[in-house]
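Read through the structure below, which is laid out as structure tokens, and then see the notes.
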Amino acid sequence: MISISKLLHELDAAGDGLRYDAAAESDRDQIRRRKQHRPVVVWNATKQCNLACEHCYAAAEFERAPGELSTAEAKGLLDDLADFGVPVVLFSGGEPLLRQDLTELVDYATDAGLRAVLSTNGTLLTPDRVRRLQAAGLSYAGVSVDGRRETNDAFRGREGAFDAAVRGMEACLDAGLKTGLRYTITDATAPDVEGVVDLLTDVGVDRFCFYHLDYGGRGVPDADVTPERRRAAVERICELTTAYHERGEAIETLLVGNYADAAFLVEYARREYGPDRAERVRRYLEVNGGDPAGERVADVDYQGNVHPTQFWQGYSLGNVRDRPFGAIWTDESNPLLSALRDRPDNLTGNCADCGYRDICRGGSRLRALGVEGDLFAPDPQCYLTERERTAPAVVDTDGAAAD
Amino acid sequence: MVHRDGVTVHPMTDDWHRVDAPRADESREWAVFLRDAPGDDLTHAGSVSAPSAPLAHEQATALFGHAAATIWLCPADETRRFTRRQLGAEHDTDDRDDEHRAEPTTAGGDDP
């Protein structure tokens, strides 16, 4: 996750310690004081969903799938995660609100010391459900909306989904539960970004996470934007963020899933604010550490399979019914895990000599695998120019502008 | 524990638990075993989802071809797994699961 608001506008946020090791600069309560050394874990609590989104990485379905972790097994998993020092567990799906024991599990996770957050389509977030989840310790609800009403409902396969999701976000805001938007940038949704942000800020939402499409489940390359359109969309989100901040509305905007964004933000900061700001942005991003797959983010699916990210459902590192999560995650005899963790040494093509390799780390290995069939090939959705890749120096060793 | 023809055999006892929950529901799951060099032991390296052995091989090669001299693929649904580990056993004290995991009946049919 890359916070545009933090990097370009120095927004003080609860994730500063976790993400940039910058808790000391913040006046807000921090999720973690120091940058995490254990992964944030996404748990797909169920594969069942009441919507049928075109891009769903989990390939969720209306019917419940066989082999879901029981309540007891889920508590065992949460014990394992807490013992391993996981900072955050993200209850996801499918639609996690379809699990009747969700409140009980959020309560259990919170008692175990995990920060419990929710990823939901929002359509089942009633005021009563929100109150119970909040009482159980839920810290945050990320609600997926992809486009304005018509775009979203077509994308999610259900008329009325947009209005229901907005009602769900309002229920969170009314209860005082922090909520934010999750928005996937695809060919269909890219044009609606500004309209959705404007509409939701009117409702009271102030956090907006923009996800680039990764290629898992029903998220296939054909649904994606071109790298050129992606770059334009990211630039528009930067401009939108700036416009809000300049008129005193300190919204938080974040980019997820394509670390070409890191390099772009350095370049953008240099162009718009000068070399000193660009250097500062780069330092934050060096601490942030680039694409997190296999290191700072992990996924456990509804059947207990552990994946390098939530999007990488076609490969499992192991199953928590066999081994504790921590044992699976630290087993670097697995060549894929070690390759993901040592990837700057293995990257090929444009990535091999890219000057931003340290803050990007090759972007999505899943997209490279999906399009090129090569784990170490460049991310096909890298949108940096040749000049940016080969001349990224912001300042020289004396602190003077290099170009 | 008994020794038979030089092999250690764990007899089935009450604390052994068969792990038979499914690990995939759309496509077959294939456990991957790798050997780094011809003289090395085979090691388990997770599993891939694929509808057929050739496609499983293709996926495993893309993931591990750089690091393996040998790849074995074993259909997970043909594997019998037994373990003394039982995830969450200490929480499985009564039949509350059935109550808490009652089948949601409205999915797919409710208005959002």
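Letters for chains follow the order of the structure tokens (A, B, ...), residue numbers begin at 1 for each chain, and ligand numbers begin at 1 in the order shown.
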For this session: Compile the residues of chain A that lie within 8 Å of chain B, evaluated using only C-alpha atoms, and express the compilation as number ranges by chain.
Result: A: 48-51, 62-63, 65-67, 70-77, 98-101, 123-124, 158, 160-161, 164, 303-305, 314-318, 320-323, 334-336, 369, 373-375
Check which residues of stretch 259-300 of chain A sit at most 7 Å from stretch 341-365 of chain A using only C-alpha atoms, and return one row each with the closest pair of atoms and their distance in Å to one decimal, ordered by chain and rising number, as JSON lines.
{"residue": "A:Tyr259", "atom": "CA", "partner": "A:Cys360", "partner_atom": "CA", "distance": 4.8}
{"residue": "A:Ala260", "atom": "CA", "partner": "A:Cys360", "partner_atom": "CA", "distance": 6.2}
{"residue": "A:Ala262", "atom": "CA", "partner": "A:Cys360", "partner_atom": "CA", "distance": 6.4}
{"residue": "A:Ala263", "atom": "CA", "partner": "A:Tyr356", "partner_atom": "CA", "distance": 6.1}
{"residue": "A:Leu285", "atom": "CA", "partner": "A:Ile359", "partner_atom": "CA", "distance": 5.8}
{"residue": "A:Glu286", "atom": "CA", "partner": "A:Ile359", "partner_atom": "CA", "distance": 5.3}
{"residue": "A:Gly289", "atom": "CA", "partner": "A:Ile359", "partner_atom": "CA", "distance": 5.7}
{"residue": "A:Gly290", "atom": "CA", "partner": "A:Cys360", "partner_atom": "CA", "distance": 4.4}
{"residue": "A:Asp291", "atom": "CA", "partner": "A:Gly363", "partner_atom": "CA", "distance": 5.4}
{"residue": "A:Gly294", "atom": "CA", "partner": "A:Arg341", "partner_atom": "CA", "distance": 6.9}
{"residue": "A:Glu295", "atom": "CA", "partner": "A:Arg341", "partner_atom": "CA", "distance": 6.7}
Given the selection you just returned, output its residues as a file containing N, CA, C and O atoms, formatted as a PDB file, in the first residue's frame.
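Now in out-v7.pdb:
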ATOM      1  N   TYR A 259       3.598  -1.668  -7.898  1.00  0.00           N
ATOM      2  CA  TYR A 259       4.632  -0.810  -7.321  1.00  0.00           C
ATOM      3  C   TYR A 259       5.377   0.028  -8.342  1.00  0.00           C
ATOM      4  O   TYR A 259       6.321   0.747  -7.980  1.00  0.00           O
ATOM      5  N   ALA A 260       4.956  -0.012  -9.605  1.00  0.00           N
ATOM      6  CA  ALA A 260       5.392   1.042 -10.518  1.00  0.00           C
ATOM      7  C   ALA A 260       4.891   2.381  -9.977  1.00  0.00           C
ATOM      8  O   ALA A 260       5.489   3.434 -10.230  1.00  0.00           O
ATOM      9  N   ALA A 262       5.176   3.416  -7.042  1.00  0.00           N
ATOM     10  CA  ALA A 262       6.203   3.985  -6.159  1.00  0.00           C
ATOM     11  C   ALA A 262       7.141   4.879  -6.976  1.00  0.00           C
ATOM     12  O   ALA A 262       7.401   6.034  -6.605  1.00  0.00           O
ATOM     13  N   ALA A 263       7.616   4.324  -8.065  1.00  0.00           N
ATOM     14  CA  ALA A 263       8.516   5.109  -8.915  1.00  0.00           C
ATOM     15  C   ALA A 263       7.790   6.316  -9.499  1.00  0.00           C
ATOM     16  O   ALA A 263       8.336   7.428  -9.561  1.00  0.00           O
ATOM     17  N   LEU A 285       9.551   5.325   0.623  1.00  0.00           N
ATOM     18  CA  LEU A 285       9.255   4.133  -0.166  1.00  0.00           C
ATOM     19  C   LEU A 285      10.347   3.074  -0.019  1.00  0.00           C
ATOM     20  O   LEU A 285      10.082   1.877  -0.141  1.00  0.00           O
ATOM     21  N   GLU A 286      11.560   3.498   0.260  1.00  0.00           N
ATOM     22  CA  GLU A 286      12.620   2.519   0.558  1.00  0.00           C
ATOM     23  C   GLU A 286      12.283   1.753   1.832  1.00  0.00           C
ATOM     24  O   GLU A 286      12.478   0.547   1.914  1.00  0.00           O
ATOM     25  N   GLY A 289       9.349  -0.785   1.207  1.00  0.00           N
ATOM     26  CA  GLY A 289       9.911  -2.081   0.820  1.00  0.00           C
ATOM     27  C   GLY A 289       9.384  -2.731  -0.439  1.00  0.00           C
ATOM     28  O   GLY A 289       9.716  -3.877  -0.718  1.00  0.00           O
ATOM     29  N   GLY A 290       8.556  -2.034  -1.214  1.00  0.00           N
ATOM     30  CA  GLY A 290       8.143  -2.585  -2.502  1.00  0.00           C
ATOM     31  C   GLY A 290       7.065  -3.640  -2.405  1.00  0.00           C
ATOM     32  O   GLY A 290       6.446  -3.844  -1.357  1.00  0.00           O
ATOM     33  N   ASP A 291       6.864  -4.341  -3.517  1.00  0.00           N
ATOM     34  CA  ASP A 291       5.779  -5.329  -3.593  1.00  0.00           C
ATOM     35  C   ASP A 291       5.883  -6.329  -2.429  1.00  0.00           C
ATOM     36  O   ASP A 291       6.934  -6.914  -2.199  1.00  0.00           O
ATOM     37  N   GLY A 294       4.483 -12.560  -0.460  1.00  0.00           N
ATOM     38  CA  GLY A 294       5.379 -13.546   0.134  1.00  0.00           C
ATOM     39  C   GLY A 294       6.160 -13.023   1.314  1.00  0.00           C
ATOM     40  O   GLY A 294       6.947 -13.777   1.913  1.00  0.00           O
ATOM     41  N   GLU A 295       5.966 -11.758   1.672  1.00  0.00           N
ATOM     42  CA  GLU A 295       6.692 -11.190   2.807  1.00  0.00           C
ATOM     43  C   GLU A 295       5.761 -10.456   3.765  1.00  0.00           C
ATOM     44  O   GLU A 295       5.518 -10.914   4.870  1.00  0.00           O
TER      45      GLU A 295
END
Problem set entry | Sel. of strand (DSSP E) residues, stretch 4-78 of chain B, as a list in words |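 For stretch 4-78 of chain B, the strand (DSSP E) set is Arg4, Val7, Thr8, Val9, His17, Arg18, Glu29, Trp30, Ala31, Val32, Phe33, Leu34, Arg35, Thr43, His44, Ala45, Gly46, Ser47, Val48, Ser49, Thr70, Ile71, Trp72, Leu73, Cys74 and Pro75 of chain B.
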Please, could you write that set of residues out with C-alpha atoms as an mmCIF file, in the first residue's frame?
data_model
loop_
_atom_site.group_PDB
_atom_site.id
_atom_site.type_symbol
_atom_site.label_atom_id
_atom_site.label_comp_id
_atom_site.auth_asym_id
_atom_site.auth_seq_id
_atom_site.Cartn_x
_atom_site.Cartn_y
_atom_site.Cartn_z
ATOM 1 C CA ARG B 4 8.882 -53.746 11.022
ATOM 2 C CA VAL B 7 10.726 -49.278 9.125
ATOM 3 C CA THR B 8 9.167 -47.333 11.969
ATOM 4 C CA VAL B 9 5.421 -47.823 11.940
ATOM 5 C CA HIS B 17 -6.566 -37.777 13.049
ATOM 6 C CA ARG B 18 -7.306 -38.175 9.366
ATOM 7 C CA GLU B 29 -5.074 -29.904 -6.242
ATOM 8 C CA TRP B 30 -1.632 -31.430 -6.873
ATOM 9 C CA ALA B 31 0.947 -31.692 -4.108
ATOM 10 C CA VAL B 32 4.367 -30.683 -5.469
ATOM 11 C CA PHE B 33 7.575 -32.459 -4.483
ATOM 12 C CA LEU B 34 10.967 -31.185 -5.618
ATOM 13 C CA ARG B 35 14.508 -32.476 -5.758
ATOM 14 C CA THR B 43 10.911 -32.064 -0.433
ATOM 15 C CA HIS B 44 7.295 -30.946 -0.304
ATOM 16 C CA ALA B 45 6.800 -27.506 -1.847
ATOM 17 C CA GLY B 46 3.088 -26.840 -1.526
ATOM 18 C CA SER B 47 0.494 -27.530 -4.180
ATOM 19 C CA VAL B 48 -0.846 -26.210 -7.460
ATOM 20 C CA SER B 49 -4.431 -26.173 -8.743
ATOM 21 C CA THR B 70 12.975 -33.260 -10.373
ATOM 22 C CA ILE B 71 9.279 -32.464 -9.924
ATOM 23 C CA TRP B 72 6.720 -34.964 -8.654
ATOM 24 C CA LEU B 73 3.012 -34.176 -8.695
ATOM 25 C CA CYS B 74 0.617 -36.127 -6.508
ATOM 26 C CA PRO B 75 -3.158 -35.625 -6.674
#
Long-range neighbours of A:Ala278 as a short mmCIF file (atom, residue, chain, number, x, y, z; two decimals) with N, CA, C and O atoms, in the first residue's frame, 7 Å cut-off, only C-alpha atoms, 3 positions minimum in chain:
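Everything below was put into selection_31.cif:
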data_model
loop_
_atom_site.label_atom_id
_atom_site.label_comp_id
_atom_site.auth_asym_id
_atom_site.auth_seq_id
_atom_site.Cartn_x
_atom_site.Cartn_y
_atom_site.Cartn_z
N VAL A 266 7.61 9.17 -7.04
CA VAL A 266 8.88 9.91 -6.91
C VAL A 266 9.01 10.90 -8.07
O VAL A 266 9.33 12.08 -7.88
N GLU A 267 8.71 10.40 -9.27
CA GLU A 267 8.80 11.26 -10.46
C GLU A 267 7.78 12.40 -10.39
O GLU A 267 8.08 13.55 -10.72
N ALA A 269 6.47 13.70 -7.68
CA ALA A 269 6.87 14.65 -6.64
C ALA A 269 7.99 15.56 -7.16
O ALA A 269 8.00 16.76 -6.88
N ARG A 270 8.88 14.99 -7.92
CA ARG A 270 9.98 15.80 -8.46
C ARG A 270 9.43 16.86 -9.42
O ARG A 270 9.83 18.02 -9.38
N GLY A 274 9.51 19.43 -6.68
CA GLY A 274 10.96 19.63 -6.66
C GLY A 274 11.73 18.46 -6.08
O GLY A 274 11.14 17.52 -5.52
N PRO A 275 13.04 18.52 -6.19
CA PRO A 275 13.88 17.37 -5.84
C PRO A 275 13.89 17.02 -4.36
O PRO A 275 14.01 15.84 -4.00
N VAL A 281 10.10 11.44 -0.58
CA VAL A 281 9.16 10.39 -1.00
C VAL A 281 9.92 9.07 -1.22
O VAL A 281 9.49 7.99 -0.79
N ARG A 282 11.07 9.19 -1.85
CA ARG A 282 11.85 7.97 -2.13
C ARG A 282 12.29 7.29 -0.83
O ARG A 282 12.26 6.07 -0.71
N VAL A 394 17.41 11.13 -7.85
CA VAL A 394 16.71 12.35 -7.48
C VAL A 394 17.68 13.42 -7.03
O VAL A 394 17.64 14.55 -7.45
#
For this session: Could you give me, as an MDAnalysis selection string, the residues within 10 Å of A:Ser5, counting only C-alpha atoms and dropping anything in the same chain fewer than 2 positions from it?
Result: chainID A and resid 2:3 7:13 207 238 241:242 245 250:254
For this session: Could you check how far atom CA of A:Ala339 sits from atom CA of A:Gln313, in Å to one decimal?
Result: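 Atom CA of A:Gln313 lies 17.9 Å from atom CA of A:Ala339.
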Exercise. From the list A:Leu114, A:Asp187, A:Val106, A:Val40, which residue is nearest A:Glu54 when using only C-alpha atoms?
Worked result: A:Asp187
